[in-house]
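A.B. asks: My structure file target14.cif, mmCIF, C-alpha atoms, is below:
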```cif
data_query
loop_
_atom_site.label_atom_id
_atom_site.label_comp_id
_atom_site.auth_asym_id
_atom_site.auth_seq_id
_atom_site.Cartn_x
_atom_site.Cartn_y
_atom_site.Cartn_z
CA MET A 1 -13.48 -2.32 -21.06
CA SER A 2 -10.13 -1.53 -19.41
CA LYS A 3 -10.16 -1.50 -15.63
CA LYS A 4 -9.10 1.75 -13.94
CA VAL A 5 -7.25 1.58 -10.65
CA ALA A 6 -6.49 4.21 -8.01
CA VAL A 7 -2.93 3.90 -6.70
CA VAL A 8 -2.14 5.56 -3.37
CA LEU A 9 1.48 6.55 -2.74
CA SER A 10 2.91 7.51 0.65
CA GLY A 11 5.87 9.69 -0.32
CA CYS A 12 9.10 8.78 -2.09
CA GLY A 13 11.76 6.51 -0.62
CA VAL A 14 11.66 3.24 1.29
CA TYR A 15 12.56 4.60 4.74
CA ASP A 16 10.11 7.50 4.91
CA GLY A 17 7.75 7.15 1.94
CA ALA A 18 6.60 4.78 -0.78
CA GLU A 19 9.08 2.05 -1.75
CA ILE A 20 10.08 3.25 -5.20
CA ASN A 21 10.60 -0.17 -6.80
CA GLU A 22 7.25 -1.39 -5.48
CA ALA A 23 5.47 1.73 -6.72
CA VAL A 24 6.98 1.54 -10.20
CA LEU A 25 6.40 -2.22 -10.45
CA THR A 26 2.76 -1.72 -9.47
CA LEU A 27 2.26 0.78 -12.28
CA LEU A 28 4.14 -1.43 -14.73
CA CYS A 29 2.09 -4.50 -13.84
CA LEU A 30 -1.14 -2.56 -14.24
CA GLU A 31 -0.11 -1.51 -17.75
CA GLN A 32 1.08 -5.02 -18.62
CA GLN A 33 -2.27 -6.43 -17.58
CA GLY A 34 -4.27 -3.92 -19.60
CA ALA A 35 -5.42 -1.58 -16.84
CA SER A 36 -5.15 2.18 -16.52
CA TYR A 37 -4.44 4.02 -13.28
CA GLU A 38 -4.32 7.35 -11.50
CA CYS A 39 -2.05 8.16 -8.57
CA PHE A 40 -3.04 9.89 -5.33
CA ALA A 41 -1.33 10.81 -2.07
CA PRO A 42 -2.29 12.61 1.13
CA ASN A 43 -1.42 16.31 1.20
CA ILE A 44 0.27 16.08 4.61
CA GLU A 45 3.74 16.37 6.10
CA GLN A 46 5.81 13.21 6.38
CA MET A 47 6.37 11.78 9.85
CA HIS A 48 10.06 12.62 9.36
CA VAL A 49 12.77 12.70 6.70
CA ILE A 50 15.37 9.93 6.49
CA ASN A 51 18.79 10.23 4.89
CA HIS A 52 18.72 7.17 2.65
CA LEU A 53 22.52 6.92 2.63
CA THR A 54 22.88 6.70 6.40
CA GLY A 55 19.42 5.56 7.45
CA GLU A 56 19.32 8.35 10.03
CA PRO A 57 16.62 11.02 10.51
CA VAL A 58 17.44 14.49 9.16
CA GLU A 59 16.97 17.06 11.90
CA GLY A 60 14.99 20.18 11.05
CA GLU A 61 13.84 19.03 7.58
CA THR A 62 10.22 18.49 6.58
CA ARG A 63 8.72 17.16 3.37
CA ASN A 64 5.19 16.87 2.03
CA VAL A 65 3.88 13.40 1.16
CA LEU A 66 2.02 14.53 -1.97
CA VAL A 67 4.95 16.60 -3.26
CA GLU A 68 7.39 13.74 -2.71
CA ALA A 69 5.06 11.15 -4.27
CA ALA A 70 4.83 13.36 -7.35
CA ARG A 71 8.47 12.43 -8.03
CA ILE A 72 7.43 8.82 -8.65
CA ALA A 73 4.30 9.74 -10.61
CA ARG A 74 6.22 12.22 -12.81
CA GLY A 75 3.92 14.95 -11.52
CA ASN A 76 0.76 13.16 -12.62
CA ILE A 77 -0.82 12.83 -9.19
CA ARG A 78 -3.64 14.38 -7.18
CA ASP A 79 -4.53 15.03 -3.56
CA ILE A 80 -6.18 11.93 -2.12
CA THR A 81 -9.22 13.99 -1.12
CA GLN A 82 -9.95 14.41 -4.84
CA ALA A 83 -10.24 10.66 -5.46
CA ARG A 84 -13.76 9.46 -6.26
CA VAL A 85 -14.48 5.76 -5.80
CA ALA A 86 -17.11 5.78 -8.55
CA GLU A 87 -14.38 6.55 -11.11
CA PHE A 88 -12.33 3.44 -10.31
CA ASP A 89 -12.64 -0.33 -10.27
CA ALA A 90 -10.01 -1.05 -7.59
CA LEU A 91 -7.45 0.40 -5.17
CA LEU A 92 -3.76 -0.51 -4.90
CA VAL A 93 -1.30 0.62 -2.22
CA PRO A 94 2.46 -0.04 -2.58
CA GLY A 95 4.48 -0.41 0.60
CA GLY A 96 7.57 1.21 2.02
CA PHE A 97 7.79 2.74 5.49
CA GLY A 98 5.50 5.52 4.28
CA ALA A 99 2.60 3.10 4.65
CA ALA A 100 3.57 2.64 8.30
CA LYS A 101 4.59 6.26 8.97
CA ASN A 102 2.42 8.47 6.74
CA LEU A 103 -0.66 6.41 5.79
CA SER A 104 -0.68 5.08 9.36
CA ASN A 105 1.49 5.31 12.45
CA PHE A 106 2.12 1.57 12.73
CA ALA A 107 5.89 2.15 12.77
CA VAL A 108 5.63 3.84 16.17
CA ALA A 109 2.31 2.64 17.60
CA GLY A 110 2.23 -0.99 16.49
CA ALA A 111 -1.09 -2.69 17.07
CA ALA A 112 -2.42 0.54 18.66
CA MET A 113 -1.97 2.36 15.33
CA ASP A 114 -4.27 4.91 13.74
CA VAL A 115 -4.74 5.18 9.97
CA GLN A 116 -4.44 8.59 8.29
CA PRO A 117 -8.05 9.86 8.06
CA ASP A 118 -8.14 10.83 4.37
CA PHE A 119 -6.63 7.52 3.29
CA LEU A 120 -8.84 5.52 5.63
CA ALA A 121 -11.98 7.23 4.34
CA LEU A 122 -11.04 6.45 0.74
CA ALA A 123 -10.00 2.86 1.39
CA ARG A 124 -13.14 2.11 3.39
CA ALA A 125 -15.25 3.65 0.63
CA PHE A 126 -13.70 1.21 -1.85
CA HIS A 127 -14.39 -1.67 0.53
CA ASP A 128 -17.95 -0.55 1.24
CA SER A 129 -18.56 -0.29 -2.52
CA GLY A 130 -17.49 -3.91 -3.01
CA LYS A 131 -14.42 -2.93 -5.01
CA PRO A 132 -11.18 -4.88 -4.50
CA ILE A 133 -8.16 -3.56 -2.65
CA GLY A 134 -4.53 -4.63 -3.05
CA LEU A 135 -2.07 -3.93 -0.24
CA ILE A 136 1.64 -4.52 -0.77
CA CYS A 137 4.60 -5.11 1.58
CA ILE A 138 3.89 -3.55 5.02
CA ALA A 139 0.61 -1.93 3.89
CA PRO A 140 -1.43 -5.06 4.83
CA VAL A 141 -1.08 -4.12 8.51
CA MET A 142 -4.01 -1.78 7.75
CA SER A 143 -6.21 -4.63 6.45
CA ALA A 144 -8.52 -4.96 9.46
CA ALA A 145 -8.83 -1.19 9.86
CA ILE A 146 -9.97 -0.95 6.25
CA CYS A 147 -11.89 -4.18 5.63
CA GLY A 148 -13.03 -5.10 9.12
CA GLU A 149 -12.35 -7.86 11.60
CA GLY A 150 -11.27 -11.16 10.12
CA ALA A 151 -9.63 -9.67 7.03
CA ARG A 152 -7.09 -12.23 5.79
CA CYS A 153 -3.77 -10.85 4.61
CA THR A 154 -0.03 -11.44 4.43
CA ILE A 155 3.21 -9.63 5.10
CA GLY A 156 5.21 -12.78 4.36
CA ASN A 157 6.45 -14.51 7.50
CA ASP A 158 7.59 -11.88 10.02
CA ALA A 159 6.29 -13.18 13.36
CA ASP A 160 6.07 -9.85 15.20
CA THR A 161 4.18 -8.09 12.42
CA ALA A 162 1.90 -11.10 11.95
CA ALA A 163 1.12 -11.00 15.68
CA ALA A 164 0.25 -7.30 15.43
CA ILE A 165 -2.10 -8.02 12.53
CA THR A 166 -3.84 -10.65 14.66
CA ALA A 167 -4.05 -8.25 17.61
CA MET A 168 -5.77 -5.68 15.38
CA GLY A 169 -8.42 -8.18 14.29
CA GLY A 170 -6.90 -9.47 11.09
CA ALA A 171 -5.82 -13.01 10.18
CA HIS A 172 -2.28 -13.46 8.88
CA LEU A 173 -1.51 -15.93 6.09
CA PRO A 174 2.13 -16.95 5.42
CA CYS A 175 3.14 -16.28 1.81
CA PRO A 176 6.30 -16.63 -0.30
CA VAL A 177 7.60 -13.56 -2.07
CA SER A 178 6.47 -14.73 -5.52
CA GLU A 179 2.81 -15.12 -4.58
CA ALA A 180 -0.17 -13.15 -3.32
CA ARG A 181 -2.94 -14.09 -0.91
CA VAL A 182 -6.59 -13.49 -1.77
CA ASP A 183 -9.39 -12.93 0.73
CA VAL A 184 -12.39 -13.33 -1.54
CA THR A 185 -14.89 -12.44 1.20
CA HIS A 186 -13.30 -9.04 1.82
CA LYS A 187 -12.07 -8.59 -1.78
CA LEU A 188 -8.58 -8.05 -0.41
CA VAL A 189 -5.31 -9.10 -2.07
CA THR A 190 -1.90 -8.83 -0.37
CA THR A 191 1.70 -9.74 -1.20
CA PRO A 192 4.97 -9.48 0.81
CA ALA A 193 7.17 -7.74 -1.80
CA TYR A 194 10.17 -6.24 0.04
CA MET A 195 9.08 -7.73 3.36
CA LEU A 196 10.80 -10.76 1.81
CA ALA A 197 12.28 -9.77 -1.55
CA GLY A 198 16.04 -9.69 -1.93
CA LYS A 199 15.96 -8.29 -5.45
CA VAL A 200 13.67 -6.43 -7.83
CA SER A 201 12.69 -9.53 -9.80
CA GLU A 202 11.38 -11.22 -6.67
CA ALA A 203 9.26 -8.20 -5.74
CA TYR A 204 8.00 -8.08 -9.34
CA ALA A 205 6.72 -11.66 -9.24
CA GLY A 206 4.56 -11.10 -6.17
CA ILE A 207 3.32 -7.68 -7.23
CA SER A 208 2.37 -9.05 -10.64
CA ALA A 209 0.37 -11.79 -8.93
CA CYS A 210 -1.28 -9.23 -6.64
CA VAL A 211 -2.29 -6.96 -9.53
CA LYS A 212 -3.63 -9.94 -11.50
CA GLU A 213 -5.82 -11.05 -8.60
CA VAL A 214 -7.07 -7.53 -7.88
CA LEU A 215 -8.11 -7.06 -11.50
CA ALA A 216 -9.77 -10.48 -11.51
CA LEU A 217 -11.92 -9.40 -8.55
CA ALA A 218 -12.80 -6.04 -10.11
#
```
What does this structure look like when you write it as structure tokens?
C.D. replies:
Amino acid sequence: MSKKVAVVLSGCGVYDGAEINEAVLTLLCLEQQGASYECFAPNIEQMHVINHLTGEPVEGETRNVLVEAARIARGNIRDITQARVAEFDALLVPGGFGAAKNLSNFAVAGAAMDVQPDFLALARAFHDSGKPIGLICIAPVMSAAICGEGARCTIGNDADTAAAITAMGGAHLPCPVSEARVDVTHKLVTTPAYMLAGKVSEAYAGISACVKEVLALA
């Protein structure tokens, strides 16, 4: 029977939401590997809005994470509070700054971060049910918060982020862009994607490996 995966998006756009290439590649890899999926996002306001041409915050503008994520999902997306773990075999979370600004506040709080409550409740429910979780790009900074102390994960080779993961109770594993790292004990799979990728094909290789390993654990 085809595996069904919940995919959580954190907005739309690398600097303030889900990384679009990573999100699309995740969905593509799921289809290529014979799985189905459904997309979810928190129904909350973004931390801020970034002009993706200049990289600067846009003063006075607000956007909703769920509404923005619907752009990537072509409107086929639901509020994360409507996700039911029993309906899925696994959870996948693409990266982008939205994972560190909207799903958590790692971008501003570092190792003292909090994870967005609705997302944390869902992710922990997957973990507690023994169902695998795949975290991509910067999203693995939430590994210990979701899976508990000792969760083994990767963001590639960035020393400062790796140190923050260790400070939060995780264990960082170096990883090239084309690979994924598997923590069998915690049923956690992570890959660096655009933490290291210089082009779409490089991100694709690692995300494909991540999806393959997640489905293998499901």
A.B. asks: What would the selection look like, as a count of residues only, if the PyMOL selection byres ((chain A and resi 11) around 7) were run on the coordinates I just shared?
C.D. replies: 11
A.B. asks: Quick one: residues within 9 Å of A:Ala205, all atoms listed in the file, excluding same-chain residues fewer than 2 positions away - as a PyMOL selection string?
C.D. replies: chain A and resi 177-179+193+200-203+207-210
A.B. asks: Using Å and a single decimal, report how far atom CA of A:Ala139 sits from atom CA of A:Thr54.
C.D. replies: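 Value for the atom CA of A:Thr54-atom CA of A:Ala139 distance: 24.0 Å.
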A.B. asks: Quick one: residues within 8 Å of A:His186, only C-alpha atoms counted, chain neighbours fewer than 4 positions away excluded, as a list of chain:residue names?
C.D. replies: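 Using only C-alpha atoms, the neighbours found are A:His127, A:Pro132, A:Cys147, A:Ala151.
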A.B. asks: Which residues are close to A:Lys3, i.e. within 7 Å by all atoms listed in the file, leaving aside same-chain residues fewer than 4 positions away? Reply as a PyMOL selection string.
C.D. replies: chain A and resi 35-36+89
A.B. asks: What does the PyMOL selection byres ((chain A and resi 159-161) around 9) select in this file, as a list in words?
C.D. replies: Gly110, Ala111, Ile138, Val141, Ile155, Asn157, Asp158, Ala162, Ala163, Ala164, Ile165 and Thr166 of chain A
A.B. asks: Rounded to one decimal in Å, what is the spacing between atom CA of A:Gly206 and atom CA of A:Met113?
C.D. replies: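 So the answer is 26.2 Å.
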A.B. asks: Could you jot down the atom CA of A:Gly34 to atom CA of A:Lys4 separation for me, Å, one decimal place?
C.D. replies: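 Atom CA of A:Lys4 lies 9.4 Å from atom CA of A:Gly34.
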A.B. asks: Between A:Val115, A:Phe40, A:Leu92, A:Leu53, which has the minimum distance to A:Arg78 (counting only C-alpha atoms)?
C.D. replies: A:Phe40
A.B. asks: At a cut-off of 12 Å, using only C-alpha atoms, what residues contact A:Ala121? Leave out same-chain residues fewer than 4 positions from it and give the result as a list in words.
C.D. replies: Pro42, Ile80, Thr81, Gln82, Ala83, Arg84, Val85, Leu103, Val115, Gln116, Pro117, Ala125, Phe126, His127, Asp128, Ala145, Ile146 and Cys147 of chain A
A.B. asks: Just the selected residues (C-alpha atoms), exported as an mmCIF file, in the frame of the given file, please.
C.D. replies:
```
data_model
loop_
_atom_site.group_PDB
_atom_site.id
_atom_site.type_symbol
_atom_site.label_atom_id
_atom_site.label_comp_id
_atom_site.auth_asym_id
_atom_site.auth_seq_id
_atom_site.Cartn_x
_atom_site.Cartn_y
_atom_site.Cartn_z
ATOM 1 C CA PRO A 42 -2.290 12.610 1.130
ATOM 2 C CA ILE A 80 -6.180 11.930 -2.120
ATOM 3 C CA THR A 81 -9.220 13.990 -1.120
ATOM 4 C CA GLN A 82 -9.950 14.410 -4.840
ATOM 5 C CA ALA A 83 -10.240 10.660 -5.460
ATOM 6 C CA ARG A 84 -13.760 9.460 -6.260
ATOM 7 C CA VAL A 85 -14.480 5.760 -5.800
ATOM 8 C CA LEU A 103 -0.660 6.410 5.790
ATOM 9 C CA VAL A 115 -4.740 5.180 9.970
ATOM 10 C CA GLN A 116 -4.440 8.590 8.290
ATOM 11 C CA PRO A 117 -8.050 9.860 8.060
ATOM 12 C CA ALA A 125 -15.250 3.650 0.630
ATOM 13 C CA PHE A 126 -13.700 1.210 -1.850
ATOM 14 C CA HIS A 127 -14.390 -1.670 0.530
ATOM 15 C CA ASP A 128 -17.950 -0.550 1.240
ATOM 16 C CA ALA A 145 -8.830 -1.190 9.860
ATOM 17 C CA ILE A 146 -9.970 -0.950 6.250
ATOM 18 C CA CYS A 147 -11.890 -4.180 5.630
#
```
A.B. asks: Can you pull out every residue within 7 Å of stretch 57-62 of chain A, counting all atoms listed in the file, but drop anything in the same chain fewer than 5 positions away, and send it as number ranges by chain?
C.D. replies: A: 45-46, 48-51
A.B. asks: Would you mind exporting C-alpha atoms of the selected residues as a compact mmCIF listing (two decimals), in the frame of the given file?
C.D. replies:
```
# COMPACT_ATOMS: atom_id res chain seq x y z
CA GLU A 45 3.74 16.37 6.10
CA GLN A 46 5.81 13.21 6.38
CA HIS A 48 10.06 12.62 9.36
CA VAL A 49 12.77 12.70 6.70
CA ILE A 50 15.37 9.93 6.49
CA ASN A 51 18.79 10.23 4.89
```
A.B. asks: Given all atoms listed in the file as the basis, pick out the residue of A:Val8, A:Ser2, A:Leu120, A:Asn64 nearest to A:Ile77.
C.D. replies: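 Among A:Val8, A:Ser2, A:Leu120, A:Asn64, it is A:Val8 that comes nearest to A:Ile77.
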A.B. asks: With distances taken over all atoms listed in the file, which residue among A:Ala109, A:Ala144, A:Met195, A:Leu215 lies nearest A:Ala6?
C.D. replies: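 Using all atoms listed in the file, the shortest distance to A:Ala6 belongs to A:Leu215.
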A.B. asks: Which residue gives the smallest distance to A:Met47 among A:Asn76, A:Asn21, A:Asn102, A:Thr26, with all atoms listed in the file counted?
C.D. replies: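 Of A:Asn76, A:Asn21, A:Asn102, A:Thr26, the one nearest A:Met47 is A:Asn102, counting all atoms listed in the file.
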A.B. asks: When you count only C-alpha atoms, which of these residues is closest to A:Leu91: A:Asn43, A:Thr185, A:Thr154, A:Ser129?
C.D. replies: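 Ranking A:Asn43, A:Thr185, A:Thr154, A:Ser129 by distance to A:Leu91, first place goes to A:Ser129.
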A.B. asks: Between A:Ala197, A:Ile72, A:Ala218, A:Leu30, which one has atoms that come closest to A:Gly130, using all atoms listed in the file?
C.D. replies: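 Nearest to A:Gly130: A:Ala218.
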